[in-house]
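S.K.: Take a look at this one; I'll ask things after.
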Amino acid sequence: MLRDAVRSLAEAKIAPFAAEVDENARFPQEALDALVSNDLHAVHVPEEYGGAGADALAAVIVIEEVARVCCSSSLIPAVNKLGSLPVMISGSDELKQKYLPALAKGDAMFSYCLSEPDAGSDAGGMKTRAVRDGDHWVLNGVKRWITNAGVSEYYTVMAVTDPDKRTKGISAFVVEKSDEGVSFGAPEKKLGIKGSPTREVYFDNVRIPADRMIGAEGTGFATAMKTLDHTRITIAAQALGVAQGALDYAKGYVRERKQFGKPIGDFQGLQFMLADMAMKISAARALTYQAAAASQRGDADLTYLGAAAKCFASDVAMEVTTDAVQLLGGYGYTRDYPVERMMRDAKITQIYEGTNQVQRIVMARNLP
Ligand SMILES: Cc1cc2nc3c(=O)[nH]c(=O)nc-3n(C[C@H](O)[C@H](O)[C@H](O)COP(=O)(O)OP(=O)(O)OC[C@H]3O[C@@H](n4cnc5c(N)ncnc54)[C@H](O)[C@@H]3O)c2cc1C
């Protein structure tokens, strides 16, 4: 039922803008409006904070169905979860009361600021600094590749509070866009997900009240990693969606396109490609939903399963979208058909929230 509702909404209100959003690299405002008016922009927020209180599997289905038509737009529910989960996992009741209702209502979006120019895979090597000054913390530094930067009102920011303790000297904070000293870089010119703004965020003597710290001092890196255990599953969902979108398009195309006097879908070579694409998507979906169930229950093998789902589903998305372009021949290689965009969009799912090399490191350290 949820899937049908999101699919109808996505096809009616998001799909018609997907190509133009990509072409002009502009924010998919129509998608945000449609998601907010149907309460689908941040379904993970608990009911006590005015949210839908959806479980991890429901959040996956929302993201999957939006990504099936527009991967950029699926970053809206995905990053709202990524940005706010640190507050939900480790934040004080006051912080939750202060920030979650606005997110649930659709008045504010949340971004997640971990990566820096010189600290990507090795996020623990970050340099952004927070120094205590009476009842305040003062932040200085640069975060890079921040999704929805400039659009979001709230930012979960990981910063070094004790440089001698490496990852145990990192703390998490909520910073607001309107805090003095916060500014943004130019939008990155990307290969795909062009409708999702990615910018640097600068902190220049940003002075925030001490109660904006999320959890205890020194727990920020642990909170950031715990968050990723849950949210990598949303990237798997995005990968699944984009792969399904490409398969659905290619399936229809091979029935219409004729060569050698018959639909190309009659050739067994192409039927086998479609069968492999569908099989890989089914396997990725099973693993992603298994990981979502583990996320909901807080199972001990969540770290492994979240990494495995993200890694497997994103590799499947890359293979399936590339095969979809192949099935459309020369037409698939143009922007007149959506599979070219889907192939470019799929690539990011192998890179962010930890590259797939990093996912393999995470899995190897947490073998079931
Ligand atoms: C469009 C986009 C949106 C993003 N959104 C966000 C966001 O909202 N918030 C945020 O905090 N970050 C975000 N990121 C950052 C993203 O998570 C990082 O780009 C990613 O973690 C990789 O870091 P890096 O780019 O510095 O690559 P590097 O760490 O420099 O990696 C380069 C290569 O080396 C490999 N590598 C590195 N270390 C190892 C190792 N130990 N073993 C094997 N291989 C290794 C990597 O896999 C990769 O292939 C985003 C990135 C992009 C491109």
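Residue names in the structure tokens use chain letters A, B, ... in the order shown, residue numbers from 1 in each chain, and ligand numbers from 1 in the order shown.
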How would you report the residues lying within 7 Å of ligand 1, as a list in words, if you count only C-alpha atoms and all ligand atoms?
M.R.: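 Here is the list of contacting residues: Val79, Ser111, Tyr112, Cys113, Leu114, Ser115, Pro117, Asp118, Ala119, Gly120, Ser121, Asp122, Arg144, Trp145, Ile146, Thr147, Lys190, Thr198, Ile348, Ile351, Tyr352, Glu353, Gly354, Thr355, Asn356, Gln357 and Val358 of chain A.
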S.K.: Would you mind writing down, as a PyMOL selection string, each residue of segment 75-284 of chain A that DSSP on the backbone assigns to alpha helix (DSSP H)?
M.R.: chain A and resi 75-90+93-105+220-256+268-284
S.K.: Nearest to Thr223 of chain A: which of A:Ala283, A:Ala58, A:Ile170, A:Ala78 is it, counting only C-alpha atoms?
M.R.: A:Ile170
S.K.: Of the residues A:Ala346, A:Ala149, A:Met88, A:Ala308, which is the one nearest to Thr321 of chain A, using only C-alpha atoms?
M.R.: A:Ala346
S.K.: Do you have the atom CA of Thr234 of chain A-atom CA of Ala59 of chain A distance handy?
M.R.: 7.6 Å
S.K.: Just the number, please: distance in Å from atom CA of Tyr154 of chain A to atom CA of Phe173 of chain A, one decimal.
M.R.: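 Straight-line distance from atom CA of Tyr154 of chain A to atom CA of Phe173 of chain A works out to 10.2 Å.
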S.K.: Which of these residues is nearest to Val62 of chain A, using only C-alpha atoms: A:Ile208, A:Val87, A:Leu95, A:Ile235?
M.R.: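 Looking only at the distances to Val62 of chain A, the closest residue turns out to be A:Ile235.
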S.K.: Measuring atom to atom with only C-alpha atoms, identify which of A:Thr231, A:Thr161, A:Gln29, A:Asn148 is nearest to Ala130 of chain A.
M.R.: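 Checking each of A:Thr231, A:Thr161, A:Gln29, A:Asn148 against Ala130 of chain A, counting only C-alpha atoms, the winner is A:Thr161.
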S.K.: Hey, which of A:Val174, A:Leu57, A:Val45, A:Val142 ends up closest to Ala294 of chain A? Count only C-alpha atoms.
M.R.: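 Closest to Ala294 of chain A of all the choices is A:Leu57.
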S.K.: Please identify all polymer residues within 6 Å of Gly169 of chain A, counting only C-alpha atoms, omitting same-chain residues fewer than 6 positions from it, and present them as a list in words.
M.R.: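 Within the cut-off, the hits are Val160, Thr161, Asp162, Pro163 and Gly218 of chain A.
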S.K.: Considering only strand (DSSP E or B) as DSSP defines it on the backbone, what residues of segment 75-281 of chain A qualify? List them as a PyMOL selection string.
M.R.: chain A and resi 110-113+116+119+129-133+136-147+154-160+170-176+182-184+198-209+213-214+258-259+262-263
S.K.: Identify which of the residues A:Ala5, A:Thr227, A:Val69, A:Glu256 lies closest to Val21 of chain A, counting only C-alpha atoms when measuring atom-to-atom distances.
M.R.: A:Val69
S.K.: Can you tell me how far atom CA of Ile14 of chain A sits from atom CA of Glu30 of chain A, in Å to one decimal?
M.R.: 6.7 Å
S.K.: Compile the contact shell of Lys194 of chain A as a PyMOL selection string: residues with an atom at most 8 Å away, counting only C-alpha atoms, same-chain residues fewer than 5 positions apart removed.
M.R.: chain A and resi 21-26+72+189
S.K.: Considering only C-alpha atoms, return as a list in words whatever protein or nucleic-acid residues lie within 12 Å of Gly150 of chain A, sequence-local ones (same chain, fewer than 5 positions apart) excluded.
M.R.: Phe27, Ala108, Met109, Phe110, Ser111, Trp145, Tyr155, Glu176, Lys177, Ser178, Val182, Ser183, Phe184, Gly185, Ala186, Pro187, Ser196, Pro197, Thr198, Arg199, Glu200, Val201 and Tyr202 of chain A
S.K.: What does the file look like for those residues with N, CA and C atoms, as a PDB file, in the first residue's frame?
M.R.:
ATOM      1  N   PHE A  27      17.670  22.381  -7.973  1.00  0.00           N
ATOM      2  CA  PHE A  27      17.027  21.667  -6.863  1.00  0.00           C
ATOM      3  C   PHE A  27      15.604  21.256  -7.260  1.00  0.00           C
ATOM      4  N   ALA A 108      11.909  22.572   7.809  1.00  0.00           N
ATOM      5  CA  ALA A 108      13.372  22.618   7.805  1.00  0.00           C
ATOM      6  C   ALA A 108      13.920  21.265   7.383  1.00  0.00           C
ATOM      7  N   MET A 109      15.020  21.283   6.619  1.00  0.00           N
ATOM      8  CA  MET A 109      15.699  20.028   6.287  1.00  0.00           C
ATOM      9  C   MET A 109      16.995  19.940   7.109  1.00  0.00           C
ATOM     10  N   PHE A 110      17.552  18.724   7.156  1.00  0.00           N
ATOM     11  CA  PHE A 110      18.726  18.451   7.989  1.00  0.00           C
ATOM     12  C   PHE A 110      19.846  17.907   7.113  1.00  0.00           C
ATOM     13  N   SER A 111      21.059  18.430   7.250  1.00  0.00           N
ATOM     14  CA  SER A 111      22.216  17.857   6.544  1.00  0.00           C
ATOM     15  C   SER A 111      23.203  17.270   7.536  1.00  0.00           C
ATOM     16  N   TRP A 145      31.514  18.393   0.410  1.00  0.00           N
ATOM     17  CA  TRP A 145      30.568  17.439  -0.197  1.00  0.00           C
ATOM     18  C   TRP A 145      29.271  17.351   0.592  1.00  0.00           C
ATOM     19  N   TYR A 155      22.227  21.502  10.512  1.00  0.00           N
ATOM     20  CA  TYR A 155      23.421  20.733  10.124  1.00  0.00           C
ATOM     21  C   TYR A 155      23.976  20.006  11.334  1.00  0.00           C
ATOM     22  N   GLU A 176      22.963  25.801  12.973  1.00  0.00           N
ATOM     23  CA  GLU A 176      21.857  26.286  12.149  1.00  0.00           C
ATOM     24  C   GLU A 176      22.417  27.160  11.031  1.00  0.00           C
ATOM     25  N   LYS A 177      21.713  27.105   9.908  1.00  0.00           N
ATOM     26  CA  LYS A 177      22.141  27.897   8.746  1.00  0.00           C
ATOM     27  C   LYS A 177      22.273  29.372   9.100  1.00  0.00           C
ATOM     28  N   SER A 178      21.396  29.828  10.013  1.00  0.00           N
ATOM     29  CA  SER A 178      21.376  31.255  10.348  1.00  0.00           C
ATOM     30  C   SER A 178      22.409  31.639  11.406  1.00  0.00           C
ATOM     31  N   VAL A 182      28.377  31.003   9.430  1.00  0.00           N
ATOM     32  CA  VAL A 182      28.148  29.846   8.550  1.00  0.00           C
ATOM     33  C   VAL A 182      27.988  30.353   7.119  1.00  0.00           C
ATOM     34  N   SER A 183      28.735  29.742   6.181  1.00  0.00           N
ATOM     35  CA  SER A 183      28.546  30.106   4.768  1.00  0.00           C
ATOM     36  C   SER A 183      28.805  28.874   3.899  1.00  0.00           C
ATOM     37  N   PHE A 184      28.516  29.009   2.605  1.00  0.00           N
ATOM     38  CA  PHE A 184      28.540  27.846   1.706  1.00  0.00           C
ATOM     39  C   PHE A 184      29.381  28.114   0.467  1.00  0.00           C
ATOM     40  N   GLY A 185      30.004  27.054  -0.053  1.00  0.00           N
ATOM     41  CA  GLY A 185      30.772  27.164  -1.294  1.00  0.00           C
ATOM     42  C   GLY A 185      29.864  27.075  -2.510  1.00  0.00           C
ATOM     43  N   ALA A 186      30.472  27.175  -3.684  1.00  0.00           N
ATOM     44  CA  ALA A 186      29.712  27.052  -4.938  1.00  0.00           C
ATOM     45  C   ALA A 186      29.258  25.607  -5.098  1.00  0.00           C
ATOM     46  N   PRO A 187      28.106  25.395  -5.745  1.00  0.00           N
ATOM     47  CA  PRO A 187      27.659  24.007  -5.964  1.00  0.00           C
ATOM     48  C   PRO A 187      28.690  23.223  -6.783  1.00  0.00           C
ATOM     49  N   SER A 196      20.688  17.393  -6.799  1.00  0.00           N
ATOM     50  CA  SER A 196      20.946  17.432  -5.351  1.00  0.00           C
ATOM     51  C   SER A 196      22.128  18.365  -5.094  1.00  0.00           C
ATOM     52  N   PRO A 197      21.905  19.472  -4.402  1.00  0.00           N
ATOM     53  CA  PRO A 197      23.010  20.410  -4.199  1.00  0.00           C
ATOM     54  C   PRO A 197      24.095  19.818  -3.307  1.00  0.00           C
ATOM     55  N   THR A 198      25.339  19.905  -3.734  1.00  0.00           N
ATOM     56  CA  THR A 198      26.486  19.448  -2.942  1.00  0.00           C
ATOM     57  C   THR A 198      27.438  20.627  -2.838  1.00  0.00           C
ATOM     58  N   ARG A 199      27.675  21.088  -1.618  1.00  0.00           N
ATOM     59  CA  ARG A 199      28.510  22.295  -1.452  1.00  0.00           C
ATOM     60  C   ARG A 199      29.412  22.146  -0.241  1.00  0.00           C
ATOM     61  N   GLU A 200      30.437  22.977  -0.187  1.00  0.00           N
ATOM     62  CA  GLU A 200      31.226  23.056   1.037  1.00  0.00           C
ATOM     63  C   GLU A 200      30.451  23.897   2.050  1.00  0.00           C
ATOM     64  N   VAL A 201      30.722  23.626   3.319  1.00  0.00           N
ATOM     65  CA  VAL A 201      30.144  24.450   4.386  1.00  0.00           C
ATOM     66  C   VAL A 201      31.316  25.007   5.198  1.00  0.00           C
ATOM     67  N   TYR A 202      31.322  26.309   5.385  1.00  0.00           N
ATOM     68  CA  TYR A 202      32.409  26.977   6.108  1.00  0.00           C
ATOM     69  C   TYR A 202      31.933  27.438   7.480  1.00  0.00           C
TER      70      TYR A 202
END
S.K.: Near segment 31-40 of chain A, within 7 Å and counting only C-alpha atoms, which residues show up once chain neighbours fewer than 2 positions away are dropped, as a list in words?
M.R.: Lys13, Ile14, Pro28, Gln29, Ala42, Val43, Ser73 and Gly106 of chain A
S.K.: Only C-alpha atoms, please: the residues just picked out, written as a compact mmCIF listing (two decimals), in the first residue's frame.
M.R.:
# COMPACT_ATOMS: atom_id res chain seq x y z
CA LYS A 13 4.63 14.77 -9.35
CA ILE A 14 8.35 13.94 -9.48
CA PRO A 28 13.88 19.54 -7.36
CA GLN A 29 11.53 21.91 -5.55
CA ALA A 42 11.13 12.57 6.67
CA VAL A 43 8.98 9.56 7.53
CA SER A 73 14.87 13.78 -5.33
CA GLY A 106 8.55 20.17 6.47
S.K.: Quick one: residues within 8 Å of Phe221 of chain A, only C-alpha atoms, excluding same-chain residues fewer than 3 positions away - as a list in words?
M.R.: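 After dropping sequence-adjacent residues, the list is Gly124, Met158, Thr167, Lys168, Ile170, Ser171, Ala172, Gly218, Ala224 and Met225 of chain A.
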